[in-house]
Amino acid sequence: MTASGPRGVLRVGDRVRFDGQVHVVAGLAGTTVRLQGESGGASLVLFSHLLAAHGFELLDSLPTAPGLPSFGLLDTVPEPALRRARLLERHMVEMETGLLPGAEPGTRPRPEYDPQWRTVNERIATKAEELAALGTPVTTRTLFRLRGCWREQGLWGLVDHRATRASKPTGHADDRLVAALSDALAGQTKLSTGTRSRVLRDAERLLVERHGEGTVALPSRSTLYRLVKSLSQGTHAFDAATTRRSRAGRPQGVFTPSKAARPGEVVQIDTTPLDVLAILDDGVTGRVELTIAVDLATRTICAAVLRPAGTKAVDAALLLARMLVPEPMRPGWHEALRMSASLIPHARLMTVDARLEHAAAKPVIVPDTIMIDHGKVFISETFVTACQTLGVSVQPARPATPTDKGVVERTFSSINTLFCQHVAGYVGSNATRRGEDVEAVWTLRELADLFEEWVVARWQTRPHDALRSPFLPDRAMSPNEVYAMLVSRSGHLPVCLTGDDYVELLPAEWRKINDYGIVMDYRTYDCRDLTPYRRQHSGVDLKGGLWEVHYDPYDLSHVWVRDHRTGGWITVPWTRLDSVTAPFADFTWRHARSVLAAQGADDTDETAIAAVVEDLLTRARTGPDRKVAARTRAAAAQPALPLQRPVPKEPQTDDEEEPVGNVIPFGVFDAFTDGSRP
């Protein structure tokens, strides 16, 4: 209800003068006002009659509690301004209640501030006179404003906000100059890291293009540098380019963390180079790539594959297959790494999956959804087909948005600090972090075995800060503990793969079955089982009658031919398999061909290539040959790997190293000798 008076609004609790007496508004109902007289009598009056009555006056309202002080904001107030605000607050309390803060019980208000006899206007006028006498002159109008601010904001409303005014990071610089500097800094995102002088030059060019020569006055050089420093805060404009691009690719909205309520609901897959040198199958030293699958609910590393640089689609497909198979105990592993000795409910799981009898302490998690990036390995037909075969949904992340699969990205960082830096051959993330004379010690397969053991022994048992129970929020849990808790609620459904399922996951080629067998990259595969199908049509018209052949890029000793008539597979060995004593990969075969080509020999001669492969694998198994194989490749005058071992001139003892090839002698460089030459 609205009333004519200083406040203009009639509320319950207001004191009014009506019919020569002071009343308190006890209630409002529609157009009726209930008044409680000071003498004790009550009356009902129409609102229109109350306003039109002679002598009606709205005295004041009952004091309301002031707002709570903004304690955090008060810390930013200078001490002199805060003391003045606290002084004004004491006077405000006396104006409202008639008593100063901390008054003894039973103390009577001073007559000039007694709310029973003085209106608000009278008390404010008296307080203005008092403050002027105390040397703090404040006008009546200012006191009215301060009183309203105090009732709404508490002590913060009495602060002189000229003392708390926030300063602009750019000061009084021209807005056009600030805009040009901001645009110049934004343009550094995809460039190589430069200096501030380049940013200033770009900004000056933008000012000329937008406003003309000399239109915007430039401050001193030192002021410009301070502006660039202020505007570049948090942009990494002059730091690592990778960090700058990564931050620029972050979504603009609020981060929404990925969540999963059960094992396998969401699994994230990605590949990254490891900062560890390893000895590859061809004897060359190099960094390897790690592909892992991380379960979002438990942070379990479900499976991992270590490969030389250039991970293939078959690696991702085989990673998917390894997720469905229990991790077996390896020779030399401690008994404490068995699943039966861990927190995982091994006995209960054995009732539904007998494969877990001799498994290591790592859960078997069947994925429902796999989140991938747009790498060609994961969007390949081989991987997508493998997921469809196993009934797994594939969810691609948004392009250039690593935050969509931040869990696996952060896991790579943890692997680097918890595993890689403790391994011999660690080279650091860049050249500035690399030690002196770092050499590879472990072969690729040995490094893979070490990583698998570390995952079971360390990662699965280490408390993870992101894994916490709502019932024990102050205690971090390990992946095995979380799996044990969740599997009791969601259950475990094993998916068993047969040998044919593994063959289906391998990459495929379409080839003709000739009289001499099947030829793939100058390798011939043949066996008796192919006899009925030589020079025959496969029955697949879309492929021109060719036969579907699957192969393992990391073991080319056999291929598998699909028999479209029976639906089975024919395992076909390599015809030169007896000349190579160890499995070899496709990159080993290509390297052997390049050796022959460098020697001027025929790189399509299958027998010669097989000899080079055998010699290379033999050398790669011995220590000294590994480094020589890598170094001799750089010698242009000599072949990278000779076809035959050189025969030593004298018998050698067991302590002597066997020579592996002709070494080109290089003299020691002497600057003084060379400088004196004509």
# chains A, B, ... in the order shown; residues from 1 in each chain; ligands from 1
call {"tool": "select_by_dssp", "arguments": {"residues": "region 460-534 of chain A", "states": "strand (DSSP E or B)", "output": "ChimeraX atom specification"}}
result
/A:464-469,472-477,508-511,514,517-520,523-525
call {"tool": "atom_distance", "arguments": {"atom1": "CA of Leu320 (chain A)", "atom2": "CA of Glu381 (chain A)"}}
result
14.1 Å
call {"tool": "residues_around", "arguments": {"residues": "region 114-123 of chain A", "least_positions_apart": "5", "cutoff": "7 Å", "atoms": "only C-alpha atoms", "output": "MDAnalysis selection string"}}
result
chainID A and resid 59:60 95 97:98 109
call {"tool": "closest_residue", "arguments": {"among": "A:Thr403, A:Arg593, A:Asp449, A:Ala85", "to": "Gln252 (chain A)", "atoms": "only C-alpha atoms"}}
result
A:Thr403
call {"tool": "closest_residue", "arguments": {"among": "A:Asp175, A:Glu453, A:Asp19, A:Asp75", "to": "Glu327 (chain A)", "atoms": "only C-alpha atoms"}}
result
A:Glu453
call {"tool": "closest_residue", "arguments": {"among": "A:Phe419, A:Tyr483, A:Tyr426, A:Phe412", "to": "Val455 (chain A)", "atoms": "only C-alpha atoms"}}
result
A:Phe419
call {"tool": "residues_around", "arguments": {"residues": "region 442-445 of chain A", "least_positions_apart": "6", "cutoff": "6 Å", "atoms": "only C-alpha atoms", "output": "PyMOL selection string"}}
result
chain A and resi 278-280
call {"tool": "write_last_selection", "arguments": {"atoms": "N, CA and C atoms", "output": "short mmCIF file (atom, residue, chain, number, x, y, z; two decimals), in the first residue's frame"}}
result
data_model
loop_
_atom_site.label_atom_id
_atom_site.label_comp_id
_atom_site.auth_asym_id
_atom_site.auth_seq_id
_atom_site.Cartn_x
_atom_site.Cartn_y
_atom_site.Cartn_z
N ALA A 278 64.57 -46.11 -26.92
CA ALA A 278 64.54 -47.58 -26.91
C ALA A 278 65.25 -48.09 -28.16
N ILE A 279 65.67 -49.34 -28.10
CA ILE A 279 66.34 -49.98 -29.24
C ILE A 279 65.28 -50.72 -30.03
N LEU A 280 65.05 -50.29 -31.25
CA LEU A 280 64.00 -50.84 -32.08
C LEU A 280 64.44 -52.16 -32.68
#
call {"tool": "residues_around", "arguments": {"residues": "Glu38 (chain A)", "least_positions_apart": "4", "cutoff": "12 Å", "atoms": "only C-alpha atoms", "output": "list in words"}}
result
Arg15, Val16, Arg17, Phe18, Gly20, Gln21, Val22, His23, Val24, Val25, Ala26, Ala42, Ser43 and Gln116 of chain A
call {"tool": "residues_around", "arguments": {"residues": "Ala203 (chain A)", "least_positions_apart": "4", "cutoff": "8 Å", "atoms": "only C-alpha atoms", "output": "list in words"}}
result
Leu177, Ala180, Leu181, Asp183, Ala184, Val199 and Leu207 of chain A
call {"tool": "write_last_selection", "arguments": {"atoms": "N, CA and C atoms", "output": "compact mmCIF listing (two decimals), in the first residue's frame"}}
result
# COMPACT_ATOMS: atom_id res chain seq x y z
N LEU A 177 44.77 2.55 -28.89
CA LEU A 177 46.07 1.90 -28.74
C LEU A 177 45.92 0.56 -28.03
N ALA A 180 44.58 -2.03 -30.46
CA ALA A 180 45.61 -2.47 -31.41
C ALA A 180 46.59 -3.42 -30.76
N LEU A 181 47.00 -3.13 -29.52
CA LEU A 181 47.92 -4.03 -28.83
C LEU A 181 47.27 -5.38 -28.54
N ASP A 183 44.89 -6.84 -30.31
CA ASP A 183 44.82 -7.59 -31.56
C ASP A 183 46.19 -8.11 -31.97
N ALA A 184 47.23 -7.33 -31.74
CA ALA A 184 48.58 -7.79 -32.08
C ALA A 184 48.99 -8.97 -31.21
N VAL A 199 55.51 -7.30 -31.26
CA VAL A 199 54.12 -6.94 -30.97
C VAL A 199 53.92 -5.44 -31.13
N LEU A 207 47.51 0.55 -36.12
CA LEU A 207 47.02 1.92 -35.86
C LEU A 207 47.04 2.75 -37.14
call {"tool": "atom_distance", "arguments": {"atom1": "CA of Val384 (chain A)", "atom2": "CA of Ala321 (chain A)"}}
result
12.8 Å
call {"tool": "residues_around", "arguments": {"residues": "region 124-136 of chain A", "least_positions_apart": "5", "cutoff": "10 Å", "atoms": "only C-alpha atoms", "output": "list of chain:residue names"}}
result
A:Arg84, A:Leu88, A:His91, A:Met92, A:Glu94, A:Met95, A:Glu96, A:Glu112, A:Tyr113, A:Arg118, A:Thr119, A:Arg141, A:Thr142, A:Leu143, A:Phe144, A:Arg147
call {"tool": "closest_residue", "arguments": {"among": "A:Asp501, A:Leu74, A:Ser469, A:Ala424", "to": "His161 (chain A)", "atoms": "only C-alpha atoms"}}
result
A:Leu74
call {"tool": "atom_distance", "arguments": {"atom1": "CA of Leu542 (chain A)", "atom2": "CA of Trp510 (chain A)"}}
result
11.1 Å
call {"tool": "closest_residue", "arguments": {"among": "A:Gly435, A:Ala508, A:Glu452, A:Pro263", "to": "Gly491 (chain A)", "atoms": "only C-alpha atoms"}}
result
A:Pro263
call {"tool": "closest_residue", "arguments": {"among": "A:Ala52, A:Val377, A:Ala297, A:Leu191", "to": "Thr242 (chain A)", "atoms": "only C-alpha atoms"}}
result
A:Leu191
call {"tool": "decode", "arguments": {"residues": "region 275-287 of chain A", "atoms": "all heavy atoms", "output": "PDB file, in the first residue's frame"}}
result
ATOM      1  N   ASP A 275      59.106 -40.003 -23.737  1.00  0.00           N
ATOM      2  CA  ASP A 275      60.400 -39.337 -23.638  1.00  0.00           C
ATOM      3  C   ASP A 275      61.483 -40.320 -23.213  1.00  0.00           C
ATOM      4  O   ASP A 275      62.301 -40.035 -22.337  1.00  0.00           O
ATOM      5  CB  ASP A 275      60.314 -38.174 -22.648  1.00  0.00           C
ATOM      6  CG  ASP A 275      59.332 -37.109 -23.087  1.00  0.00           C
ATOM      7  OD1 ASP A 275      59.151 -36.957 -24.306  1.00  0.00           O
ATOM      8  OD2 ASP A 275      58.736 -36.440 -22.227  1.00  0.00           O
ATOM      9  N   VAL A 276      61.479 -41.499 -23.810  1.00  0.00           N
ATOM     10  CA  VAL A 276      62.447 -42.543 -23.490  1.00  0.00           C
ATOM     11  C   VAL A 276      62.990 -43.112 -24.790  1.00  0.00           C
ATOM     12  O   VAL A 276      62.220 -43.411 -25.717  1.00  0.00           O
ATOM     13  CB  VAL A 276      61.806 -43.667 -22.647  1.00  0.00           C
ATOM     14  CG1 VAL A 276      62.820 -44.780 -22.377  1.00  0.00           C
ATOM     15  CG2 VAL A 276      61.278 -43.119 -21.336  1.00  0.00           C
ATOM     16  N   LEU A 277      64.299 -43.274 -24.866  1.00  0.00           N
ATOM     17  CA  LEU A 277      64.920 -43.915 -26.015  1.00  0.00           C
ATOM     18  C   LEU A 277      64.876 -45.425 -25.840  1.00  0.00           C
ATOM     19  O   LEU A 277      65.108 -45.942 -24.747  1.00  0.00           O
ATOM     20  CB  LEU A 277      66.375 -43.456 -26.159  1.00  0.00           C
ATOM     21  CG  LEU A 277      66.618 -41.986 -26.523  1.00  0.00           C
ATOM     22  CD1 LEU A 277      68.111 -41.709 -26.592  1.00  0.00           C
ATOM     23  CD2 LEU A 277      65.955 -41.636 -27.841  1.00  0.00           C
ATOM     24  N   ALA A 278      64.572 -46.115 -26.916  1.00  0.00           N
ATOM     25  CA  ALA A 278      64.537 -47.577 -26.912  1.00  0.00           C
ATOM     26  C   ALA A 278      65.248 -48.091 -28.155  1.00  0.00           C
ATOM     27  O   ALA A 278      65.427 -47.368 -29.142  1.00  0.00           O
ATOM     28  CB  ALA A 278      63.098 -48.086 -26.864  1.00  0.00           C
ATOM     29  N   ILE A 279      65.673 -49.337 -28.104  1.00  0.00           N
ATOM     30  CA  ILE A 279      66.337 -49.980 -29.239  1.00  0.00           C
ATOM     31  C   ILE A 279      65.275 -50.725 -30.034  1.00  0.00           C
ATOM     32  O   ILE A 279      64.646 -51.658 -29.534  1.00  0.00           O
ATOM     33  CB  ILE A 279      67.432 -50.943 -28.748  1.00  0.00           C
ATOM     34  CG1 ILE A 279      68.427 -50.173 -27.876  1.00  0.00           C
ATOM     35  CG2 ILE A 279      68.131 -51.598 -29.916  1.00  0.00           C
ATOM     36  CD1 ILE A 279      69.385 -51.043 -27.121  1.00  0.00           C
ATOM     37  N   LEU A 280      65.055 -50.285 -31.247  1.00  0.00           N
ATOM     38  CA  LEU A 280      63.995 -50.840 -32.078  1.00  0.00           C
ATOM     39  C   LEU A 280      64.444 -52.163 -32.680  1.00  0.00           C
ATOM     40  O   LEU A 280      65.598 -52.587 -32.548  1.00  0.00           O
ATOM     41  CB  LEU A 280      63.612 -49.841 -33.160  1.00  0.00           C
ATOM     42  CG  LEU A 280      63.280 -48.414 -32.663  1.00  0.00           C
ATOM     43  CD1 LEU A 280      62.876 -47.532 -33.814  1.00  0.00           C
ATOM     44  CD2 LEU A 280      62.198 -48.461 -31.603  1.00  0.00           C
ATOM     45  N   ASP A 281      63.514 -52.819 -33.369  1.00  0.00           N
ATOM     46  CA  ASP A 281      63.804 -54.146 -33.908  1.00  0.00           C
ATOM     47  C   ASP A 281      64.886 -54.136 -34.969  1.00  0.00           C
ATOM     48  O   ASP A 281      65.535 -55.159 -35.206  1.00  0.00           O
ATOM     49  CB  ASP A 281      62.521 -54.764 -34.489  1.00  0.00           C
ATOM     50  CG  ASP A 281      61.511 -55.091 -33.401  1.00  0.00           C
ATOM     51  OD1 ASP A 281      61.929 -55.172 -32.224  1.00  0.00           O
ATOM     52  OD2 ASP A 281      60.323 -55.264 -33.722  1.00  0.00           O
ATOM     53  N   ASP A 282      65.093 -53.012 -35.653  1.00  0.00           N
ATOM     54  CA  ASP A 282      66.136 -52.950 -36.672  1.00  0.00           C
ATOM     55  C   ASP A 282      67.473 -52.484 -36.100  1.00  0.00           C
ATOM     56  O   ASP A 282      68.410 -52.201 -36.844  1.00  0.00           O
ATOM     57  CB  ASP A 282      65.709 -52.025 -37.823  1.00  0.00           C
ATOM     58  CG  ASP A 282      65.375 -50.621 -37.340  1.00  0.00           C
ATOM     59  OD1 ASP A 282      65.460 -50.387 -36.108  1.00  0.00           O
ATOM     60  OD2 ASP A 282      65.038 -49.774 -38.174  1.00  0.00           O
ATOM     61  N   GLY A 283      67.586 -52.401 -34.746  1.00  0.00           N
ATOM     62  CA  GLY A 283      68.829 -52.022 -34.117  1.00  0.00           C
ATOM     63  C   GLY A 283      69.034 -50.532 -33.985  1.00  0.00           C
ATOM     64  O   GLY A 283      70.024 -50.098 -33.400  1.00  0.00           O
ATOM     65  N   VAL A 284      68.134 -49.737 -34.516  1.00  0.00           N
ATOM     66  CA  VAL A 284      68.261 -48.282 -34.476  1.00  0.00           C
ATOM     67  C   VAL A 284      67.637 -47.768 -33.182  1.00  0.00           C
ATOM     68  O   VAL A 284      66.610 -48.257 -32.729  1.00  0.00           O
ATOM     69  CB  VAL A 284      67.595 -47.640 -35.703  1.00  0.00           C
ATOM     70  CG1 VAL A 284      67.680 -46.128 -35.630  1.00  0.00           C
ATOM     71  CG2 VAL A 284      68.242 -48.150 -36.969  1.00  0.00           C
ATOM     72  N   THR A 285      68.266 -46.759 -32.598  1.00  0.00           N
ATOM     73  CA  THR A 285      67.761 -46.138 -31.376  1.00  0.00           C
ATOM     74  C   THR A 285      66.771 -45.035 -31.727  1.00  0.00           C
ATOM     75  O   THR A 285      67.015 -44.235 -32.630  1.00  0.00           O
ATOM     76  CB  THR A 285      68.915 -45.553 -30.554  1.00  0.00           C
ATOM     77  OG1 THR A 285      69.773 -46.617 -30.156  1.00  0.00           O
ATOM     78  CG2 THR A 285      68.409 -44.838 -29.321  1.00  0.00           C
ATOM     79  N   GLY A 286      65.673 -44.990 -31.014  1.00  0.00           N
ATOM     80  CA  GLY A 286      64.682 -43.947 -31.266  1.00  0.00           C
ATOM     81  C   GLY A 286      63.619 -43.931 -30.184  1.00  0.00           C
ATOM     82  O   GLY A 286      63.536 -44.838 -29.348  1.00  0.00           O
ATOM     83  N   ARG A 287      62.829 -42.873 -30.185  1.00  0.00           N
ATOM     84  CA  ARG A 287      61.706 -42.770 -29.258  1.00  0.00           C
ATOM     85  C   ARG A 287      60.551 -43.627 -29.752  1.00  0.00           C
ATOM     86  O   ARG A 287      60.414 -43.888 -30.946  1.00  0.00           O
ATOM     87  CB  ARG A 287      61.273 -41.317 -29.107  1.00  0.00           C
ATOM     88  CG  ARG A 287      62.322 -40.447 -28.433  1.00  0.00           C
ATOM     89  CD  ARG A 287      61.935 -38.986 -28.454  1.00  0.00           C
ATOM     90  NE  ARG A 287      60.728 -38.733 -27.684  1.00  0.00           N
ATOM     91  CZ  ARG A 287      60.196 -37.524 -27.519  1.00  0.00           C
ATOM     92  NH1 ARG A 287      60.769 -36.475 -28.099  1.00  0.00           N
ATOM     93  NH2 ARG A 287      59.114 -37.348 -26.799  1.00  0.00           N
TER      94      ARG A 287
END
